[in-house]
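Notes follow once the structure below has been shown.
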Amino acid sequence: MSLTFHWFLPTNGDSRHVVGGGHGTPATVSGQDRPPTVAYLSQIARAAEDLGFVGALTPTGAWCEDAWLTTAMVSRHTERLKFFVAFRPGFVSPTLAAQMAATFQRQSGGRLLLNVVTGGESREQRAYGDFLDKDDRYRRTDEFLQVVRELWDGKTVELKGEHLRVEDAKLARVPDPVPEVYFGGSSPIAGQVAAKHVDVYLTWGEPPAQVAEKIAWVRGLAARHGRTLRFGIRLHVITRDTSAQAWAEARRLLDGFDPETVRSVQAGLARSESEGQRRMLALHGGGHRDGLEIHPNLWAGIGLVRGGAGTALVGSHDEVAERIKEYHALGIDEFVLSGYPHLEEAYWFGEGVLPRLAAQGLWRHPSGTEATSSAQVPFAS
């Protein structure tokens, strides 16, 4: 089975420095270096498409541009790339969401993937008019996905749930193909929702032993429902021709972290209700700059200023390829990656790591063309 790689559209802004934000914290000032215009995001999307990434993830929340609108505009500038739209079930009715997804599929030529984000921060949820607590938000997500799935199956849906109610709901045109649903969450109730409804369970970039535990947990829950899931991981990447060059870049990014910004972001993230965010914070100890390589080539420095995904694969192209193979051996088949700045880092990874995986029979370019070796491309030398 060929590994699947996705990239990231920085709808919170991009920079040669780390752009912080997420999980209730605002985007840092570095996000203004390269504003998330349609023109710039389209550059990234076209690069990702050419290099062989299957899709591009867009985040959701008050810290970034709206994912539905942005990807709809960027999709007009690409041909094959899929758009990995993150959205929160509590902000739109399930019938409307199912209809929006069906429309996106038709207008884009079947290029929608959905990342369902329940929402881990009550303070941010309340700003959008959502006053449920965390567990109730997951229960609502359970009902939401039940309705959406049945609508996509062409059924007429009636539901009188604890949080959602629909009567005589039906789509005039179902999506073809049905969008795949991606979902992450580390709390017990999140695992139950994933087991029942989703196609791909996503984890943030924890060390392999912790990822293996998560996979076993979710796989067991899904088996009780007679289902099998695929598994993906969300990571940043810093990959160069040599290990020394990659770690020098990591140190450059770390040196750009303003201590007051780190303190402010960490204080905000410490209030997070997200179990996944708590696990990310535990990897770097809440603000310390020492001991950030928590597994060979796995660096927790990004999480000092950024909520959500806070770890990066750092090393030579060969080392990063080896770490990818290590996660793949655990059951990870999809990799959702990013790097600062996103345009340049897409090329470093696409021209440096992907050809090595292709040579080992682990990856094929979605278009069927051969991957380009970094040795042939001046940019990545």
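Here's how to read the names in the structure tokens: chain A, B, ... by the order shown, residue numbers from 1 in each chain, ligand numbers from 1 in the order shown.
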- Query: Excluding same-chain residues fewer than 4 positions from Phe83 of chain A, what lies within 8 Å of it counting only C-alpha atoms, as a ChimeraX atom specification?
  - Reply: /A:55-58,71,75,111-113
- Residue contacts of Pro35 of chain A (9 Å, only C-alpha atoms) excluding same-chain residues fewer than 4 positions away, as number ranges by chain: A: 11-15, 31, 40
Can you write out the residues you just picked, keeping N, CA and C atoms, as a PDB file, in the first residue's frame?
ATOM      1  N   THR A  11      -3.785  29.133   6.724  1.00  0.00           N
ATOM      2  CA  THR A  11      -4.794  30.192   6.650  1.00  0.00           C
ATOM      3  C   THR A  11      -4.744  31.122   7.854  1.00  0.00           C
ATOM      4  N   ASN A  12      -3.756  30.925   8.725  1.00  0.00           N
ATOM      5  CA  ASN A  12      -3.477  31.853   9.820  1.00  0.00           C
ATOM      6  C   ASN A  12      -2.253  32.711   9.508  1.00  0.00           C
ATOM      7  N   GLY A  13      -1.722  32.607   8.291  1.00  0.00           N
ATOM      8  CA  GLY A  13      -0.527  33.357   7.912  1.00  0.00           C
ATOM      9  C   GLY A  13       0.706  32.473   7.928  1.00  0.00           C
ATOM     10  N   ASP A  14       1.715  32.897   7.205  1.00  0.00           N
ATOM     11  CA  ASP A  14       2.934  32.098   7.066  1.00  0.00           C
ATOM     12  C   ASP A  14       4.149  32.982   7.296  1.00  0.00           C
ATOM     13  N   SER A  15       5.300  32.330   7.507  1.00  0.00           N
ATOM     14  CA  SER A  15       6.501  33.093   7.839  1.00  0.00           C
ATOM     15  C   SER A  15       7.712  32.181   7.754  1.00  0.00           C
ATOM     16  N   GLY A  31       2.581  35.732  11.793  1.00  0.00           N
ATOM     17  CA  GLY A  31       1.595  35.387  10.778  1.00  0.00           C
ATOM     18  C   GLY A  31       1.328  36.495   9.787  1.00  0.00           C
ATOM     19  N   TYR A  40      -1.344  33.589  -2.418  1.00  0.00           N
ATOM     20  CA  TYR A  40      -0.238  32.878  -1.767  1.00  0.00           C
ATOM     21  C   TYR A  40      -0.619  31.435  -1.436  1.00  0.00           C
TER      22      TYR A  40
END
- Task: Enumerate as an MDAnalysis selection string all residues of segment 101-241 of chain A assigned to alpha helix (DSSP H) by DSSP on the backbone, naming them with the chain letters and numbers the document uses.
- Result: chainID A and resid 101:108 122:127 134:152 188:197 208:224
Could the residues in this selection be saved with C-alpha atoms as a PDB file, in the first residue's frame?
ATOM      1  CA  ALA A 101     -20.072  18.749   1.290  1.00  0.00           C
ATOM      2  CA  ALA A 102     -22.144  17.394  -1.607  1.00  0.00           C
ATOM      3  CA  THR A 103     -21.912  20.730  -3.407  1.00  0.00           C
ATOM      4  CA  PHE A 104     -18.161  20.939  -2.828  1.00  0.00           C
ATOM      5  CA  GLN A 105     -17.717  17.455  -4.269  1.00  0.00           C
ATOM      6  CA  ARG A 106     -19.639  18.283  -7.427  1.00  0.00           C
ATOM      7  CA  GLN A 107     -18.035  21.667  -8.012  1.00  0.00           C
ATOM      8  CA  SER A 108     -14.474  20.512  -7.275  1.00  0.00           C
ATOM      9  CA  SER A 122     -15.196  26.049  25.878  1.00  0.00           C
ATOM     10  CA  ARG A 123     -14.143  29.709  25.942  1.00  0.00           C
ATOM     11  CA  GLU A 124     -13.658  29.773  22.188  1.00  0.00           C
ATOM     12  CA  GLN A 125     -16.825  27.746  21.572  1.00  0.00           C
ATOM     13  CA  ARG A 126     -18.882  30.239  23.591  1.00  0.00           C
ATOM     14  CA  ALA A 127     -17.614  33.053  21.360  1.00  0.00           C
ATOM     15  CA  LYS A 134     -16.755  19.186  26.266  1.00  0.00           C
ATOM     16  CA  ASP A 135     -18.439  15.794  26.728  1.00  0.00           C
ATOM     17  CA  ASP A 136     -21.734  17.112  25.428  1.00  0.00           C
ATOM     18  CA  ARG A 137     -19.959  18.511  22.376  1.00  0.00           C
ATOM     19  CA  TYR A 138     -18.713  15.004  21.610  1.00  0.00           C
ATOM     20  CA  ARG A 139     -22.214  13.579  22.099  1.00  0.00           C
ATOM     21  CA  ARG A 140     -23.496  16.171  19.655  1.00  0.00           C
ATOM     22  CA  THR A 141     -20.752  15.206  17.198  1.00  0.00           C
ATOM     23  CA  ASP A 142     -21.926  11.600  17.475  1.00  0.00           C
ATOM     24  CA  GLU A 143     -25.483  12.639  16.521  1.00  0.00           C
ATOM     25  CA  PHE A 144     -24.214  15.015  13.850  1.00  0.00           C
ATOM     26  CA  LEU A 145     -22.171  12.343  12.062  1.00  0.00           C
ATOM     27  CA  GLN A 146     -25.066   9.892  12.288  1.00  0.00           C
ATOM     28  CA  VAL A 147     -27.303  12.345  10.427  1.00  0.00           C
ATOM     29  CA  VAL A 148     -24.669  13.300   7.860  1.00  0.00           C
ATOM     30  CA  ARG A 149     -23.749   9.692   7.094  1.00  0.00           C
ATOM     31  CA  GLU A 150     -27.390   8.698   6.584  1.00  0.00           C
ATOM     32  CA  LEU A 151     -28.033  11.699   4.338  1.00  0.00           C
ATOM     33  CA  TRP A 152     -25.004  10.826   2.221  1.00  0.00           C
ATOM     34  CA  PRO A 188     -12.405   8.283  26.065  1.00  0.00           C
ATOM     35  CA  ILE A 189     -15.556   9.742  24.528  1.00  0.00           C
ATOM     36  CA  ALA A 190     -13.593  10.888  21.439  1.00  0.00           C
ATOM     37  CA  GLY A 191     -12.473   7.332  20.865  1.00  0.00           C
ATOM     38  CA  GLN A 192     -16.080   6.142  20.942  1.00  0.00           C
ATOM     39  CA  VAL A 193     -17.130   8.694  18.310  1.00  0.00           C
ATOM     40  CA  ALA A 194     -14.196   7.793  16.072  1.00  0.00           C
ATOM     41  CA  ALA A 195     -14.939   4.082  16.330  1.00  0.00           C
ATOM     42  CA  LYS A 196     -18.525   4.541  15.173  1.00  0.00           C
ATOM     43  CA  HIS A 197     -18.262   7.079  12.370  1.00  0.00           C
ATOM     44  CA  PRO A 208       6.011   6.011  18.520  1.00  0.00           C
ATOM     45  CA  ALA A 209       5.263   4.094  21.724  1.00  0.00           C
ATOM     46  CA  GLN A 210       2.410   6.479  22.592  1.00  0.00           C
ATOM     47  CA  VAL A 211       1.105   6.402  19.019  1.00  0.00           C
ATOM     48  CA  ALA A 212       1.094   2.594  19.117  1.00  0.00           C
ATOM     49  CA  GLU A 213      -1.039   2.688  22.267  1.00  0.00           C
ATOM     50  CA  LYS A 214      -3.528   5.050  20.622  1.00  0.00           C
ATOM     51  CA  ILE A 215      -3.803   2.916  17.506  1.00  0.00           C
ATOM     52  CA  ALA A 216      -4.447  -0.214  19.562  1.00  0.00           C
ATOM     53  CA  TRP A 217      -7.070   1.624  21.630  1.00  0.00           C
ATOM     54  CA  VAL A 218      -9.043   3.017  18.692  1.00  0.00           C
ATOM     55  CA  ARG A 219      -8.666  -0.149  16.631  1.00  0.00           C
ATOM     56  CA  GLY A 220     -10.167  -2.154  19.490  1.00  0.00           C
ATOM     57  CA  LEU A 221     -13.091   0.258  19.878  1.00  0.00           C
ATOM     58  CA  ALA A 222     -13.814   0.151  16.150  1.00  0.00           C
ATOM     59  CA  ALA A 223     -13.745  -3.653  16.124  1.00  0.00           C
ATOM     60  CA  ARG A 224     -16.618  -3.682  18.628  1.00  0.00           C
TER      61      ARG A 224
END
- If we count only C-alpha atoms, what is near Arg289 of chain A at a cut-off of 12 Å, once residues fewer than 4 positions away on the same chain are taken out, given as a PyMOL selection string? chain A and resi 250-251+253-255+257+259+262+283-285+293-294+299-305
Write the residues of the selection above to a file with all heavy atoms, as a compact mmCIF listing (two decimals), in the first residue's frame.
# COMPACT_ATOMS: atom_id res chain seq x y z
N ALA A 250 16.22 24.10 12.98
CA ALA A 250 15.40 24.01 14.19
C ALA A 250 15.88 25.00 15.24
O ALA A 250 15.08 25.67 15.90
CB ALA A 250 15.43 22.59 14.73
N ARG A 251 17.20 25.11 15.40
CA ARG A 251 17.74 26.07 16.37
C ARG A 251 17.43 27.50 15.95
O ARG A 251 17.16 28.36 16.81
CB ARG A 251 19.25 25.87 16.51
CG ARG A 251 19.63 24.61 17.29
CD ARG A 251 21.10 24.60 17.65
NE ARG A 251 21.95 24.56 16.46
CZ ARG A 251 22.33 23.44 15.85
NH1 ARG A 251 21.93 22.27 16.30
NH2 ARG A 251 23.12 23.49 14.78
N LEU A 253 14.77 28.52 14.33
CA LEU A 253 13.37 28.76 14.70
C LEU A 253 13.23 28.97 16.21
O LEU A 253 12.53 29.87 16.66
CB LEU A 253 12.50 27.58 14.25
CG LEU A 253 12.33 27.39 12.74
CD1 LEU A 253 11.55 26.11 12.46
CD2 LEU A 253 11.63 28.58 12.11
N LEU A 254 13.93 28.14 16.98
CA LEU A 254 13.86 28.26 18.44
C LEU A 254 14.40 29.60 18.92
O LEU A 254 13.82 30.23 19.81
CB LEU A 254 14.64 27.11 19.07
CG LEU A 254 14.56 26.96 20.60
CD1 LEU A 254 13.14 26.67 21.04
CD2 LEU A 254 15.50 25.86 21.08
N ASP A 255 15.48 30.06 18.31
CA ASP A 255 16.06 31.35 18.69
C ASP A 255 15.11 32.50 18.39
O ASP A 255 15.23 33.58 18.98
CB ASP A 255 17.38 31.57 17.95
CG ASP A 255 18.50 30.67 18.46
OD1 ASP A 255 18.35 30.10 19.56
OD2 ASP A 255 19.51 30.51 17.73
N PHE A 257 11.94 32.52 19.06
CA PHE A 257 10.82 32.54 20.00
C PHE A 257 11.07 33.60 21.07
O PHE A 257 12.03 33.51 21.84
CB PHE A 257 10.65 31.18 20.70
CG PHE A 257 10.25 30.05 19.79
CD1 PHE A 257 10.23 28.76 20.26
CD2 PHE A 257 9.91 30.28 18.46
CE1 PHE A 257 9.86 27.70 19.45
CE2 PHE A 257 9.54 29.23 17.63
CZ PHE A 257 9.52 27.94 18.12
N PRO A 259 10.66 35.10 24.55
CA PRO A 259 10.32 34.46 25.82
C PRO A 259 8.95 34.86 26.36
O PRO A 259 8.23 34.03 26.92
CB PRO A 259 11.45 34.92 26.76
CG PRO A 259 12.60 35.19 25.84
CD PRO A 259 11.99 35.73 24.59
N VAL A 262 6.33 32.93 24.48
CA VAL A 262 6.28 31.54 24.95
C VAL A 262 5.49 31.47 26.25
O VAL A 262 4.61 30.61 26.42
CB VAL A 262 7.69 30.97 25.14
CG1 VAL A 262 7.63 29.58 25.80
CG2 VAL A 262 8.41 30.87 23.80
N LEU A 283 5.00 16.86 26.49
CA LEU A 283 6.19 16.45 25.74
C LEU A 283 7.35 17.43 25.92
O LEU A 283 8.51 17.03 25.86
CB LEU A 283 5.86 16.30 24.25
CG LEU A 283 4.86 15.20 23.89
CD1 LEU A 283 4.61 15.20 22.39
CD2 LEU A 283 5.34 13.83 24.35
N HIS A 284 7.04 18.72 26.09
CA HIS A 284 8.13 19.70 26.23
C HIS A 284 8.18 20.34 27.61
O HIS A 284 9.02 21.20 27.86
CB HIS A 284 8.04 20.79 25.16
CG HIS A 284 6.77 21.58 25.17
ND1 HIS A 284 6.41 22.40 26.21
CD2 HIS A 284 5.77 21.68 24.26
CE1 HIS A 284 5.27 22.98 25.94
NE2 HIS A 284 4.84 22.55 24.76
N GLY A 285 7.31 19.93 28.52
CA GLY A 285 7.40 20.41 29.89
C GLY A 285 6.89 21.82 30.11
O GLY A 285 7.20 22.44 31.13
N GLU A 293 14.27 17.15 21.94
CA GLU A 293 14.27 15.97 21.06
C GLU A 293 13.78 14.80 21.91
O GLU A 293 14.52 14.20 22.68
CB GLU A 293 15.65 15.68 20.48
CG GLU A 293 15.60 14.58 19.42
CD GLU A 293 16.95 14.28 18.78
OE1 GLU A 293 17.97 14.85 19.24
OE2 GLU A 293 16.99 13.48 17.83
N ILE A 294 12.49 14.48 21.77
CA ILE A 294 11.83 13.54 22.67
C ILE A 294 11.87 12.10 22.15
O ILE A 294 11.46 11.17 22.86
CB ILE A 294 10.38 13.97 22.91
CG1 ILE A 294 9.64 14.12 21.58
CG2 ILE A 294 10.34 15.28 23.69
CD1 ILE A 294 8.17 14.46 21.72
N TRP A 299 11.10 16.43 17.43
CA TRP A 299 11.40 17.67 18.16
C TRP A 299 10.10 18.34 18.61
O TRP A 299 9.20 18.56 17.80
CB TRP A 299 12.19 18.60 17.23
CG TRP A 299 12.68 19.87 17.83
CD1 TRP A 299 13.52 20.02 18.88
CD2 TRP A 299 12.37 21.20 17.38
NE1 TRP A 299 13.77 21.35 19.12
CE2 TRP A 299 13.08 22.10 18.20
CE3 TRP A 299 11.57 21.71 16.34
CZ2 TRP A 299 13.00 23.48 18.03
CZ3 TRP A 299 11.51 23.08 16.18
CH2 TRP A 299 12.20 23.96 17.02
N ALA A 300 10.02 18.66 19.90
CA ALA A 300 8.80 19.25 20.47
C ALA A 300 8.84 20.77 20.53
O ALA A 300 7.99 21.38 21.16
CB ALA A 300 8.56 18.68 21.87
N GLY A 301 9.79 21.39 19.86
CA GLY A 301 9.96 22.85 19.96
C GLY A 301 8.80 23.65 19.42
O GLY A 301 8.49 24.74 19.93
N ILE A 302 8.14 23.17 18.35
CA ILE A 302 7.04 23.94 17.76
C ILE A 302 5.95 24.21 18.79
O ILE A 302 5.33 25.27 18.81
CB ILE A 302 6.45 23.19 16.54
CG1 ILE A 302 7.53 22.90 15.49
CG2 ILE A 302 5.29 23.97 15.94
CD1 ILE A 302 8.05 24.10 14.78
N GLY A 303 5.72 23.25 19.68
CA GLY A 303 4.65 23.38 20.66
C GLY A 303 4.89 24.44 21.72
O GLY A 303 3.99 24.72 22.51
N LEU A 304 6.07 25.06 21.74
CA LEU A 304 6.30 26.15 22.68
C LEU A 304 5.47 27.38 22.34
O LEU A 304 5.13 28.17 23.22
CB LEU A 304 7.79 26.52 22.72
CG LEU A 304 8.74 25.46 23.27
CD1 LEU A 304 10.18 25.93 23.16
CD2 LEU A 304 8.39 25.12 24.72
N VAL A 305 5.16 27.57 21.05
CA VAL A 305 4.41 28.77 20.67
C VAL A 305 3.16 28.46 19.86
O VAL A 305 2.42 29.37 19.49
CB VAL A 305 5.29 29.74 19.85
CG1 VAL A 305 6.44 30.27 20.71
CG2 VAL A 305 5.82 29.09 18.58
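Of the listed residues A:Arg306, A:Leu330, A:Val198, A:His236, the one whose atoms come nearest to Arg263 of chain A is A:Arg306, with distances taken using only C-alpha atoms.
Counting only C-alpha atoms and comparing A:Phe84, A:Phe91, A:Trp204, A:Phe5, the residue that lies closest to Gly52 of chain A is A:Phe5.
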